[in-house]
>>> print(open('entry-v5.cif').read())   # mmCIF, C-alpha atoms
data_work
#
loop_
_atom_site.group_PDB
_atom_site.id
_atom_site.type_symbol
_atom_site.label_atom_id
_atom_site.label_comp_id
_atom_site.auth_asym_id
_atom_site.auth_seq_id
_atom_site.Cartn_x
_atom_site.Cartn_y
_atom_site.Cartn_z
ATOM 1 C CA MET S 1 -17.333 -6.393 36.801
ATOM 2 C CA LYS S 2 -17.900 -9.097 39.410
ATOM 3 C CA ILE S 3 -14.949 -10.722 41.152
ATOM 4 C CA GLY S 4 -15.006 -14.256 42.505
ATOM 5 C CA LEU S 5 -12.548 -15.950 44.862
ATOM 6 C CA VAL S 6 -11.409 -19.567 44.937
ATOM 7 C CA CYS S 7 -8.977 -20.542 47.673
ATOM 8 C CA GLU S 8 -8.470 -22.829 50.654
ATOM 9 C CA ASN S 9 -10.541 -22.213 53.774
ATOM 10 C CA GLU S 10 -7.461 -21.471 55.892
ATOM 11 C CA ILE S 11 -6.690 -18.266 54.017
ATOM 12 C CA ARG S 12 -10.176 -17.382 52.803
ATOM 13 C CA ASP S 13 -11.114 -15.055 55.625
ATOM 14 C CA ARG S 14 -7.851 -13.133 55.341
ATOM 15 C CA VAL S 15 -8.132 -12.739 51.572
ATOM 16 C CA VAL S 16 -11.810 -11.710 51.717
ATOM 17 C CA GLY S 17 -10.878 -9.169 54.377
ATOM 18 C CA LYS S 18 -8.310 -7.683 51.982
ATOM 19 C CA PHE S 19 -10.931 -7.530 49.232
ATOM 20 C CA GLN S 20 -13.402 -5.774 51.448
ATOM 21 C CA SER S 21 -10.861 -3.267 52.687
ATOM 22 C CA PHE S 22 -10.790 -2.076 49.060
ATOM 23 C CA GLY S 23 -14.564 -2.046 48.867
ATOM 24 C CA ILE S 24 -14.533 -5.065 46.572
ATOM 25 C CA GLU S 25 -17.385 -7.530 47.061
ATOM 26 C CA VAL S 26 -16.914 -11.233 46.368
ATOM 27 C CA TYR S 27 -19.495 -13.074 44.280
ATOM 28 C CA LYS S 28 -20.211 -16.747 43.841
ATOM 29 C CA LYS S 29 -20.944 -16.285 40.142
ATOM 30 C CA ALA S 30 -18.354 -13.856 38.842
ATOM 31 C CA ASP S 31 -16.993 -12.432 35.613
ATOM 32 C CA VAL S 32 -13.382 -13.008 36.716
ATOM 33 C CA TYR S 33 -12.086 -15.364 39.371
ATOM 34 C CA ILE S 34 -9.053 -14.832 41.566
ATOM 35 C CA VAL S 35 -7.821 -18.331 42.236
ATOM 36 C CA GLN S 36 -5.221 -19.830 44.548
ATOM 37 C CA GLU S 37 -2.384 -21.563 42.764
ATOM 38 C CA GLY S 38 -3.228 -25.197 42.210
ATOM 39 C CA LEU S 39 -7.003 -24.716 42.258
ATOM 40 C CA HIS S 40 -7.447 -22.893 38.952
ATOM 41 C CA SER S 41 -8.599 -25.862 36.918
ATOM 42 C CA GLY S 42 -12.099 -25.096 35.599
ATOM 43 C CA PHE S 43 -12.067 -21.376 36.442
ATOM 44 C CA THR S 44 -11.369 -19.347 33.339
ATOM 45 C CA PRO S 45 -10.793 -16.525 32.905
ATOM 46 C CA CYS S 46 -8.922 -16.277 36.155
ATOM 47 C CA ILE S 47 -6.046 -14.643 37.954
ATOM 48 C CA VAL S 48 -3.847 -17.095 39.834
ATOM 49 C CA PHE S 49 -2.184 -16.002 43.076
ATOM 50 C CA ASP S 50 0.422 -17.531 45.372
ATOM 51 C CA PRO S 51 -1.064 -18.003 48.890
ATOM 52 C CA HIS S 52 2.349 -17.158 50.403
ATOM 53 C CA ARG S 53 2.428 -13.796 48.642
ATOM 54 C CA ILE S 54 -0.953 -12.297 49.410
ATOM 55 C CA ASP S 55 0.565 -8.807 49.598
ATOM 56 C CA ASP S 56 1.272 -9.022 45.862
ATOM 57 C CA LEU S 57 -2.412 -9.744 45.373
ATOM 58 C CA VAL S 58 -3.212 -6.553 47.281
ATOM 59 C CA ASP S 59 -1.309 -4.509 44.663
ATOM 60 C CA LEU S 60 -3.445 -6.120 41.988
ATOM 61 C CA LEU S 61 -6.646 -5.363 43.931
ATOM 62 C CA HIS S 62 -5.876 -1.640 43.646
ATOM 63 C CA LEU S 63 -6.499 -2.004 39.922
ATOM 64 C CA PHE S 64 -9.915 -3.569 40.491
ATOM 65 C CA SER S 65 -11.232 -1.365 43.275
ATOM 66 C CA SER S 66 -12.703 1.238 40.931
ATOM 67 C CA THR S 67 -14.213 -1.144 38.381
ATOM 68 C CA THR S 68 -16.008 -3.833 40.404
ATOM 69 C CA ALA S 69 -19.759 -4.207 40.987
ATOM 70 C CA SER S 70 -21.440 -1.518 43.038
ATOM 71 C CA SER S 71 -22.328 -1.843 46.715
ATOM 72 C CA LYS S 72 -25.525 0.151 46.233
ATOM 73 C CA ILE S 73 -29.113 -0.533 45.217
ATOM 74 C CA VAL S 74 -31.645 1.916 43.762
ATOM 75 C CA GLY S 75 -35.148 1.693 45.228
ATOM 76 C CA MET S 76 -38.375 3.643 44.948
ATOM 77 C CA LEU S 77 -40.364 5.190 47.783
ATOM 78 C CA ASP S 78 -43.320 7.563 47.348
ATOM 79 C CA GLU S 79 -42.526 8.017 43.643
ATOM 80 C CA ALA S 80 -38.949 9.087 44.349
ATOM 81 C CA TYR S 81 -35.769 7.081 43.769
ATOM 82 C CA TYR S 82 -33.239 6.534 46.543
ATOM 83 C CA VAL S 83 -29.759 5.064 46.589
ATOM 84 C CA ILE S 84 -29.489 2.437 49.321
ATOM 85 C CA HIS S 85 -26.123 1.215 50.539
ATOM 86 C CA HIS S 86 -25.738 -2.516 51.150
ATOM 87 C CA GLU S 87 -24.820 -1.884 54.775
ATOM 88 C CA ASP S 88 -28.207 -0.205 55.417
ATOM 89 C CA ILE S 89 -30.215 -3.107 54.062
ATOM 90 C CA LEU S 90 -31.822 -5.583 56.460
ATOM 91 C CA TYR S 91 -33.404 -7.911 53.907
ATOM 92 C CA PHE S 92 -35.174 -8.188 50.573
ATOM 93 C CA GLU S 93 -38.700 -9.564 50.402
ATOM 94 C CA ALA S 94 -40.522 -10.801 47.314
ATOM 95 C CA ILE S 95 -44.167 -9.709 47.405
ATOM 96 C CA ASP S 96 -46.344 -10.700 44.451
ATOM 97 C CA ALA S 97 -44.441 -9.687 41.317
ATOM 98 C CA SER S 98 -42.107 -7.169 42.945
ATOM 99 C CA VAL S 99 -39.292 -7.018 45.496
ATOM 100 C CA VAL S 100 -39.172 -4.767 48.536
ATOM 101 C CA CYS S 101 -35.887 -3.717 50.136
ATOM 102 C CA HIS S 102 -36.262 -3.271 53.910
ATOM 103 C CA THR S 103 -34.008 -0.969 55.916
ATOM 104 C CA ALA S 104 -34.448 -0.218 59.628
ATOM 105 C CA THR S 105 -36.865 2.624 58.903
ATOM 106 C CA GLU S 106 -38.183 2.280 55.358
ATOM 107 C CA ALA S 107 -39.231 -0.191 52.680
ATOM 108 C CA TYR S 108 -38.249 0.536 49.069
ATOM 109 C CA ARG S 109 -39.717 -1.073 46.000
ATOM 110 C CA LEU S 110 -37.194 -2.411 43.478
ATOM 111 C CA LYS S 111 -37.430 -3.119 39.782
ATOM 112 C CA GLU S 112 -35.400 -6.302 39.929
ATOM 113 C CA ARG S 113 -36.746 -9.749 40.702
ATOM 114 C CA LEU S 114 -35.413 -11.745 43.640
ATOM 115 C CA PHE S 115 -33.454 -14.200 41.499
ATOM 116 C CA GLN S 116 -31.736 -11.278 39.733
ATOM 117 C CA LEU S 117 -30.766 -9.760 43.079
ATOM 118 C CA GLU S 118 -29.469 -13.102 44.252
ATOM 119 C CA GLU S 119 -27.017 -13.169 41.339
ATOM 120 C CA ARG S 120 -26.048 -9.534 41.782
ATOM 121 C CA LEU S 121 -25.543 -9.334 45.548
ATOM 122 C CA PRO S 122 -22.260 -10.309 47.233
ATOM 123 C CA GLY S 123 -22.479 -13.891 48.398
ATOM 124 C CA GLU S 124 -20.450 -13.230 51.572
ATOM 125 C CA ARG S 125 -23.038 -10.823 52.994
ATOM 126 C CA PHE S 126 -26.394 -11.761 51.513
ATOM 127 C CA ILE S 127 -28.007 -15.160 51.906
ATOM 128 C CA LYS S 128 -31.328 -16.515 50.678
ATOM 129 C CA VAL S 129 -33.261 -17.880 53.659
ATOM 130 C CA SER S 130 -36.566 -18.807 52.047
ATOM 131 C CA ARG S 131 -38.331 -18.568 48.691
ATOM 132 C CA SER S 132 -39.236 -14.944 49.404
ATOM 133 C CA PHE S 133 -36.376 -13.529 51.478
ATOM 134 C CA ILE S 134 -32.727 -12.614 51.019
ATOM 135 C CA VAL S 135 -31.080 -11.385 54.226
ATOM 136 C CA ASN S 136 -28.046 -9.193 54.948
ATOM 137 C CA ILE S 137 -26.172 -11.264 57.516
ATOM 138 C CA ASP S 138 -24.402 -8.183 58.893
ATOM 139 C CA ALA S 139 -27.773 -6.775 59.962
ATOM 140 C CA VAL S 140 -28.792 -9.843 61.964
ATOM 141 C CA VAL S 141 -28.396 -9.476 65.757
ATOM 142 C CA LYS S 142 -29.914 -12.725 66.961
ATOM 143 C CA ILE S 143 -30.780 -16.190 65.686
ATOM 144 C CA ILE S 144 -33.649 -17.924 67.500
ATOM 145 C CA PRO S 145 -34.365 -21.656 67.000
ATOM 146 C CA TRP S 146 -38.060 -22.260 66.385
ATOM 147 C CA PHE S 147 -40.471 -25.159 65.892
ATOM 148 C CA ASN S 148 -40.171 -27.528 62.978
ATOM 149 C CA ARG S 149 -36.433 -26.909 62.335
ATOM 150 C CA ARG S 150 -36.971 -23.239 61.465
ATOM 151 C CA LEU S 151 -34.959 -20.257 62.656
ATOM 152 C CA LEU S 152 -36.023 -16.680 63.369
ATOM 153 C CA LEU S 153 -33.663 -13.815 62.542
ATOM 154 C CA LYS S 154 -33.880 -10.530 64.439
ATOM 155 C CA PHE S 155 -32.344 -7.309 63.125
ATOM 156 C CA ALA S 156 -30.481 -4.334 64.535
ATOM 157 C CA GLY S 157 -32.564 -1.231 65.243
ATOM 158 C CA SER S 158 -35.788 -2.791 63.991
ATOM 159 C CA LYS S 159 -38.681 -4.917 65.169
ATOM 160 C CA LYS S 160 -38.780 -6.681 61.822
ATOM 161 C CA GLU S 161 -37.885 -10.361 61.732
ATOM 162 C CA VAL S 162 -37.448 -13.011 59.074
ATOM 163 C CA GLU S 163 -37.878 -16.756 59.227
ATOM 164 C CA VAL S 164 -35.328 -19.192 57.798
ATOM 165 C CA SER S 165 -37.533 -21.895 56.316
ATOM 166 C CA LYS S 166 -36.671 -25.526 56.999
ATOM 167 C CA THR S 167 -35.749 -26.007 53.336
ATOM 168 C CA PHE S 168 -33.056 -23.348 53.616
ATOM 169 C CA VAL S 169 -31.788 -24.119 57.128
ATOM 170 C CA GLY S 170 -29.115 -26.457 55.747
ATOM 171 C CA SER S 171 -27.643 -23.881 53.378
ATOM 172 C CA PHE S 172 -27.893 -21.241 56.116
ATOM 173 C CA LYS S 173 -25.857 -23.433 58.461
ATOM 174 C CA ASP S 174 -23.278 -23.948 55.689
ATOM 175 C CA PHE S 175 -23.143 -20.201 55.187
ATOM 176 C CA LEU S 176 -22.446 -19.656 58.896
ATOM 177 C CA GLY S 177 -19.812 -22.381 58.838
ATOM 178 C CA MET S 178 -21.737 -24.622 61.169
ATOM 179 C CA ARG S 179 -21.148 -27.765 59.163
ATOM 180 C CA MET P 1 -43.480 -11.931 66.486
ATOM 181 C CA ARG P 2 -47.259 -11.934 66.890
ATOM 182 C CA LYS P 3 -47.585 -14.449 64.070
ATOM 183 C CA TYR P 4 -45.249 -16.895 65.838
ATOM 184 C CA PHE P 5 -46.942 -16.375 69.202
ATOM 185 C CA ILE P 6 -50.337 -17.213 67.702
ATOM 186 C CA GLU P 7 -48.829 -20.243 65.993
ATOM 187 C CA ALA P 8 -47.430 -21.471 69.333
ATOM 188 C CA LEU P 9 -50.771 -20.796 71.073
ATOM 189 C CA VAL P 10 -52.723 -22.809 68.497
ATOM 190 C CA VAL P 11 -50.287 -25.727 68.769
ATOM 191 C CA SER P 12 -50.497 -25.625 72.578
ATOM 192 C CA ALA P 13 -54.313 -25.683 72.493
ATOM 193 C CA LEU P 14 -54.140 -28.756 70.283
ATOM 194 C CA ILE P 15 -51.638 -30.410 72.623
ATOM 195 C CA GLY P 16 -53.880 -29.623 75.622
ATOM 196 C CA PHE P 17 -56.776 -31.267 73.847
ATOM 197 C CA LEU P 18 -54.729 -34.351 72.950
ATOM 198 C CA ILE P 19 -53.358 -34.697 76.488
ATOM 199 C CA ARG P 20 -56.917 -34.662 77.811
ATOM 200 C CA VAL P 21 -57.935 -37.361 75.320
ATOM 201 C CA ALA P 22 -54.928 -39.468 76.343
ATOM 202 C CA VAL P 23 -55.709 -39.109 80.066
ATOM 203 C CA LEU P 24 -59.358 -40.067 79.557
ATOM 204 C CA LEU P 25 -58.397 -43.075 77.434
ATOM 205 C CA PHE P 26 -55.769 -44.139 79.990
ATOM 206 C CA THR P 27 -58.258 -43.885 82.881
ATOM 207 C CA GLU P 28 -60.914 -45.638 80.774
ATOM 208 C CA GLN P 29 -63.383 -42.777 81.043
ATOM 209 C CA PRO P 30 -65.773 -41.836 78.237
ATOM 210 C CA LEU P 31 -64.247 -39.186 75.984
ATOM 211 C CA TRP P 32 -67.254 -36.866 75.820
ATOM 212 C CA ALA P 33 -68.767 -37.246 79.297
ATOM 213 C CA THR P 34 -66.865 -34.298 80.783
ATOM 214 C CA ALA P 35 -66.642 -31.667 78.075
ATOM 215 C CA TRP P 36 -65.575 -28.959 80.537
ATOM 216 C CA SER P 37 -62.426 -30.915 81.403
ATOM 217 C CA TYR P 38 -61.208 -30.195 77.872
ATOM 218 C CA VAL P 39 -61.557 -26.490 78.543
ATOM 219 C CA GLY P 40 -59.407 -26.859 81.661
ATOM 220 C CA SER P 41 -56.700 -28.828 79.822
ATOM 221 C CA ILE P 42 -56.606 -26.412 76.916
ATOM 222 C CA THR P 43 -56.440 -23.460 79.310
ATOM 223 C CA ILE P 44 -53.511 -24.957 81.218
ATOM 224 C CA ALA P 45 -51.760 -25.738 77.930
ATOM 225 C CA MET P 46 -52.241 -22.202 76.644
ATOM 226 C CA VAL P 47 -51.091 -20.611 79.912
ATOM 227 C CA SER P 48 -48.032 -22.898 79.774
ATOM 228 C CA CYS P 49 -47.471 -21.796 76.194
ATOM 229 C CA VAL P 50 -47.529 -18.099 77.097
ATOM 230 C CA LEU P 51 -45.032 -18.713 79.896
ATOM 231 C CA ALA P 52 -42.830 -20.923 77.722
ATOM 232 C CA PHE P 53 -42.910 -18.381 74.873
ATOM 233 C CA LEU P 54 -41.805 -15.577 77.189
ATOM 234 C CA ILE P 55 -39.066 -17.730 78.693
ATOM 235 C CA HIS P 56 -37.862 -18.819 75.247
ATOM 236 C CA MET P 57 -37.825 -15.367 73.694
ATOM 237 C CA LYS P 58 -36.614 -13.299 76.632
ATOM 238 C CA VAL P 59 -34.413 -15.690 78.589
ATOM 239 C CA LEU P 60 -33.331 -18.802 76.681
ATOM 240 C CA THR P 61 -32.398 -16.958 73.489
ATOM 241 C CA SER P 62 -30.733 -14.100 75.362
ATOM 242 C CA LEU P 63 -26.958 -13.952 75.128
ATOM 243 C CA HIS P 64 -26.673 -12.078 78.429
ATOM 244 C CA TYR P 65 -27.780 -14.772 80.879
ATOM 245 C CA SER P 66 -25.654 -17.691 82.031
ATOM 246 C CA PHE P 67 -26.945 -21.250 81.673
ATOM 247 C CA ALA P 68 -27.390 -21.363 85.468
ATOM 248 C CA MET P 69 -29.796 -18.429 85.304
ATOM 249 C CA LYS P 70 -31.606 -19.827 82.279
ATOM 250 C CA GLY P 71 -31.844 -23.265 83.888
ATOM 251 C CA THR P 72 -33.164 -21.802 87.139
ATOM 252 C CA LEU P 73 -35.835 -19.637 85.508
ATOM 253 C CA SER P 74 -36.906 -22.422 83.158
ATOM 254 C CA SER P 75 -37.043 -24.956 85.993
ATOM 255 C CA LEU P 76 -39.190 -22.613 88.090
ATOM 256 C CA SER P 77 -41.563 -22.166 85.142
ATOM 257 C CA ILE P 78 -41.761 -25.917 84.570
ATOM 258 C CA LEU P 79 -42.442 -26.468 88.277
ATOM 259 C CA GLY P 80 -45.139 -23.807 88.184
ATOM 260 C CA ILE P 81 -46.870 -25.536 85.295
ATOM 261 C CA TYR P 82 -46.414 -28.929 86.987
ATOM 262 C CA VAL P 83 -48.028 -27.695 90.218
ATOM 263 C CA LEU P 84 -50.852 -26.017 88.287
ATOM 264 C CA GLY P 85 -51.591 -29.185 86.324
ATOM 265 C CA ASN P 86 -51.478 -31.441 89.375
ATOM 266 C CA VAL P 87 -53.673 -29.191 91.494
ATOM 267 C CA TYR P 88 -56.175 -28.992 88.631
ATOM 268 C CA LEU P 89 -56.298 -32.767 88.247
ATOM 269 C CA GLY P 90 -55.948 -33.847 91.868
ATOM 270 C CA GLY P 91 -56.789 -30.866 94.053
ATOM 271 C CA VAL P 92 -54.603 -29.475 96.856
ATOM 272 C CA SER P 93 -54.364 -32.914 98.443
ATOM 273 C CA VAL P 94 -51.527 -33.713 95.985
ATOM 274 C CA PHE P 95 -49.142 -31.799 98.246
ATOM 275 C CA VAL P 96 -49.273 -34.512 100.948
ATOM 276 C CA TYR P 97 -48.003 -37.231 98.613
ATOM 277 C CA ALA P 98 -44.272 -37.945 98.341
ATOM 278 C CA SER P 99 -44.735 -39.020 94.713
ATOM 279 C CA PHE P 100 -45.753 -35.444 93.838
ATOM 280 C CA TYR P 101 -42.296 -34.200 94.868
ATOM 281 C CA ILE P 102 -40.450 -37.170 93.397
ATOM 282 C CA TRP P 103 -42.098 -36.669 89.993
ATOM 283 C CA ALA P 104 -41.331 -32.937 90.205
ATOM 284 C CA ILE P 105 -37.630 -33.757 90.585
ATOM 285 C CA VAL P 106 -37.822 -36.295 87.746
ATOM 286 C CA VAL P 107 -39.450 -33.733 85.431
ATOM 287 C CA ILE P 108 -36.708 -31.186 86.174
ATOM 288 C CA LEU P 109 -33.918 -33.755 85.748
ATOM 289 C CA VAL P 110 -35.364 -34.785 82.362
ATOM 290 C CA ALA P 111 -35.820 -31.166 81.230
ATOM 291 C CA LEU P 112 -32.354 -29.889 82.160
ATOM 292 C CA PRO P 113 -30.352 -31.802 79.494
ATOM 293 C CA PHE P 114 -32.766 -30.567 76.805
ATOM 294 C CA LEU P 115 -32.394 -27.004 78.082
ATOM 295 C CA TYR P 116 -28.616 -27.396 78.086
ATOM 296 C CA ARG P 117 -28.642 -28.652 74.507
ATOM 297 C CA LEU P 118 -30.916 -25.847 73.360
ATOM 298 C CA ASN P 119 -28.713 -23.273 75.070
ATOM 299 C CA LYS P 120 -25.631 -24.758 73.436
ATOM 300 C CA ARG P 121 -27.257 -24.557 69.998
ATOM 301 C CA ILE P 122 -28.350 -20.963 70.514
ATOM 302 C CA ARG P 123 -24.860 -19.959 71.664
ATOM 303 C CA LEU P 124 -23.262 -21.716 68.691
ATOM 304 C CA TYR P 125 -25.560 -20.017 66.170
ATOM 305 C CA ASN P 126 -24.876 -16.602 67.620
ATOM 306 C CA GLU P 127 -21.136 -17.104 68.027
ATOM 307 C CA LEU P 128 -20.858 -18.157 64.380
ATOM 308 C CA LEU P 129 -22.987 -15.161 63.434
ATOM 309 C CA LEU P 130 -20.598 -12.800 65.255
ATOM 310 C CA LEU P 131 -17.628 -14.515 63.649
ATOM 311 C CA LYS P 132 -19.151 -14.134 60.188
ATOM 312 C CA GLN P 133 -19.894 -10.466 60.823
ATOM 313 C CA SER P 134 -16.429 -9.762 62.221
ATOM 314 C CA HIS P 135 -14.957 -10.694 58.837
ATOM 315 C CA HIS P 136 -16.854 -7.896 57.176
ATOM 316 C CA GLY P 137 -14.946 -5.166 58.994
ATOM 317 C CA GLU P 138 -15.789 -1.476 59.480
ATOM 318 C CA GLY P 139 -19.070 0.025 58.437
ATOM 319 C CA SER P 140 -21.081 -3.143 58.852
ATOM 320 C CA PHE P 141 -24.086 -3.570 61.160
ATOM 321 C CA SER P 142 -21.865 -5.440 63.615
ATOM 322 C CA ASN P 143 -20.375 -2.108 64.573
ATOM 323 C CA LYS P 144 -23.787 -0.479 64.910
ATOM 324 C CA ARG P 145 -25.274 -2.991 67.316
ATOM 325 C CA GLY P 146 -26.321 -1.374 70.540
#
>>> encode(input="entry-v5.cif", output="structure tokens")
Amino acid sequence: MKIGLVCENEIRDRVVGKFQSFGIEVYKKADVYIVQEGLHSGFTPCIVFDPHRIDDLVDLLHLFSSTTASSKIVGMLDEAYYVIHHEDILYFEAIDASVVCHTATEAYRLKERLFQLEERLPGERFIKVSRSFIVNIDAVVKIIPWFNRRLLLKFAGSKKEVEVSKTFVGSFKDFLGMR
Amino acid sequence: MRKYFIEALVVSALIGFLIRVAVLLFTEQPLWATAWSYVGSITIAMVSCVLAFLIHMKVLTSLHYSFAMKGTLSSLSILGIYVLGNVYLGGVSVFVYASFYIWAIVVILVALPFLYRLNKRIRLYNELLLLKQSHHGEGSFSNKRG
């Protein structure tokens, strides 16, 4: 089950931190939304919480921690299947009709299409940066401005790099909180 | 990175060519009388590109150097390219003219605000990146960065 969060920006980081301490990922498109009191209009089904009593929300999160969407992906390499944790993933790349999941050392072929991954992956960690790439923001070590309003992303422990296309630079800046 | 380096090199060759065309038009010389001059312009442009690429990738985008260091190294590179271009166009006699030094100072003074702005943007991107990663807690790549 996917959990979504709707709240004011002032408390968002704190609440997301609580979610992630339970291993719960937050999704933009979710099955159930946890919504701050006063903002629940239009989000059903939802669980409404009081922003002054976030500790009560934590008790509720215990119930969800074993039933929420997985933080793992299954990929194929040399005719064998491997379980890949989200934290090991650098980025996903769409090549022809398939998707490749890149870690620091390997590249695994996936069955899913990029748009399916985009819906499935937690929106706080993974961001689409071009038509063919979804990037794990935790794996990025440097952002380099480039010609024609593009950005280059460099990754930890790898020489691989991904370009943020000019079409997606705006949404990437929003994701970082730049505007 | 090779792909981006080649892209920058191609663009610089084109810019070198266009600068040559502009100079010939400005000095009212025929465009195709001195074909070898194009080779010189393109070569200078491509050498400048290699230097600029190295400076951009290794110095300007580094989070370890201060702006003073970045400004100094970039200014020295710009001056190097400026001297190279002037010597190519005017020979070593350019060094006796006061205007050579005045224009050098003008070029640096014009370049520094752009460098400052670029540095500010790079720092902002990377600070926001660190902030975003710090919200994701233990076990993320932010804790594995060497």
>>> resolve_selection(input="entry-v5.cif", expression="the PyMOL selection byres ((chain S and resi 114-125) around 7)", output="number ranges by chain")
S: 25-29, 94, 99, 112-113, 126-127, 136-138
>>> closest_residue(input="entry-v5.cif", among="S:Leu5, S:Ala107, S:Val58, S:Val141", to="Ile34 in chain S", atoms="all atoms listed in the file")
S:Leu5
>>> closest_atom_pairs(input="entry-v5.cif", of="chain S", to="chain P", cutoff="6 Å", atoms="only C-alpha atoms", output="JSON lines")
{"residue": "S:Glu87", "atom": "CA", "partner": "P:Ser140", "partner_atom": "CA", "distance": 5.7}
{"residue": "S:Asp138", "atom": "CA", "partner": "P:Phe141", "partner_atom": "CA", "distance": 5.1}
{"residue": "S:Ala139", "atom": "CA", "partner": "P:Phe141", "partner_atom": "CA", "distance": 5.0}
{"residue": "S:Leu176", "atom": "CA", "partner": "P:Leu128", "partner_atom": "CA", "distance": 5.9}
>>> atom_distance(input="entry-v5.cif", atom1="CA of Leu110 in chain S", atom2="CA of Asp78 in chain S")
12.3 Å
>>> residues_near_point(input="entry-v5.cif", point="(-46.1, -23.9, 80.9)", cutoff="9 Å", atoms="all atoms listed in the file", output="PyMOL selection string")
chain P and resi 44-53+77-82
>>> closest_residue(input="entry-v5.cif", among="P:Trp103, P:Asn86, P:Lys70, P:Arg2", to="Tyr116 in chain P", atoms="all atoms listed in the file")
P:Lys70
>>> closest_residue(input="entry-v5.cif", among="S:Pro51, S:Gly4, S:Gly170, S:Gly157", to="Gly38 in chain S", atoms="only C-alpha atoms")
S:Pro51
>>> resolve_selection(input="entry-v5.cif", expression="the PyMOL selection byres ((chain P and resi 39) around 12)", output="PDB file with C-alpha atoms, keeping the file's coordinate frame")
ATOM      1  CA  ALA P  13     -54.313 -25.683  72.493  1.00  0.00           C
ATOM      2  CA  LEU P  14     -54.140 -28.756  70.283  1.00  0.00           C
ATOM      3  CA  GLY P  16     -53.880 -29.623  75.622  1.00  0.00           C
ATOM      4  CA  PHE P  17     -56.776 -31.267  73.847  1.00  0.00           C
ATOM      5  CA  LEU P  18     -54.729 -34.351  72.950  1.00  0.00           C
ATOM      6  CA  ILE P  19     -53.358 -34.697  76.488  1.00  0.00           C
ATOM      7  CA  ARG P  20     -56.917 -34.662  77.811  1.00  0.00           C
ATOM      8  CA  VAL P  21     -57.935 -37.361  75.320  1.00  0.00           C
ATOM      9  CA  THR P  34     -66.865 -34.298  80.783  1.00  0.00           C
ATOM     10  CA  ALA P  35     -66.642 -31.667  78.075  1.00  0.00           C
ATOM     11  CA  TRP P  36     -65.575 -28.959  80.537  1.00  0.00           C
ATOM     12  CA  SER P  37     -62.426 -30.915  81.403  1.00  0.00           C
ATOM     13  CA  TYR P  38     -61.208 -30.195  77.872  1.00  0.00           C
ATOM     14  CA  GLY P  40     -59.407 -26.859  81.661  1.00  0.00           C
ATOM     15  CA  SER P  41     -56.700 -28.828  79.822  1.00  0.00           C
ATOM     16  CA  ILE P  42     -56.606 -26.412  76.916  1.00  0.00           C
ATOM     17  CA  THR P  43     -56.440 -23.460  79.310  1.00  0.00           C
ATOM     18  CA  ILE P  44     -53.511 -24.957  81.218  1.00  0.00           C
ATOM     19  CA  ALA P  45     -51.760 -25.738  77.930  1.00  0.00           C
ATOM     20  CA  MET P  46     -52.241 -22.202  76.644  1.00  0.00           C
ATOM     21  CA  TYR P  88     -56.175 -28.992  88.631  1.00  0.00           C
TER      22      TYR P  88
END
>>> atom_distance(input="entry-v5.cif", atom1="CA of Ile47 in chain S", atom2="CA of Phe19 in chain S")
14.2 Å
>>> atom_distance(input="entry-v5.cif", atom1="CA of Leu9 in chain P", atom2="CA of Trp32 in chain P")
23.5 Å
>>> residues_around(input="entry-v5.cif", residues="Arg150 in chain S", least_positions_apart="4", cutoff="7 Å", atoms="only C-alpha atoms", output="mmCIF file with C-alpha atoms, keeping the file's coordinate frame")
data_model
loop_
_atom_site.group_PDB
_atom_site.id
_atom_site.type_symbol
_atom_site.label_atom_id
_atom_site.label_comp_id
_atom_site.auth_asym_id
_atom_site.auth_seq_id
_atom_site.Cartn_x
_atom_site.Cartn_y
_atom_site.Cartn_z
ATOM 1 C CA PRO S 145 -34.365 -21.656 67.000
ATOM 2 C CA TRP S 146 -38.060 -22.260 66.385
ATOM 3 C CA GLU S 163 -37.878 -16.756 59.227
ATOM 4 C CA VAL S 164 -35.328 -19.192 57.798
ATOM 5 C CA SER S 165 -37.533 -21.895 56.316
ATOM 6 C CA LYS S 166 -36.671 -25.526 56.999
ATOM 7 C CA VAL S 169 -31.788 -24.119 57.128
#
>>> axis_aligned_box(input="entry-v5.cif", around="range 131-135 of chain P", padding_each_side="6 Å", output="lines of an AutoDock Vina configuration file")
center_x = -17.4
center_y = -12.1
center_z = 61.2
size_x = 16.9
size_y = 16.8
size_z = 16.8
>>> closest_residue(input="entry-v5.cif", among="P:Leu25, P:Ser75, P:Leu54, P:Pro30", to="Pro113 in chain P", atoms="only C-alpha atoms")
P:Ser75
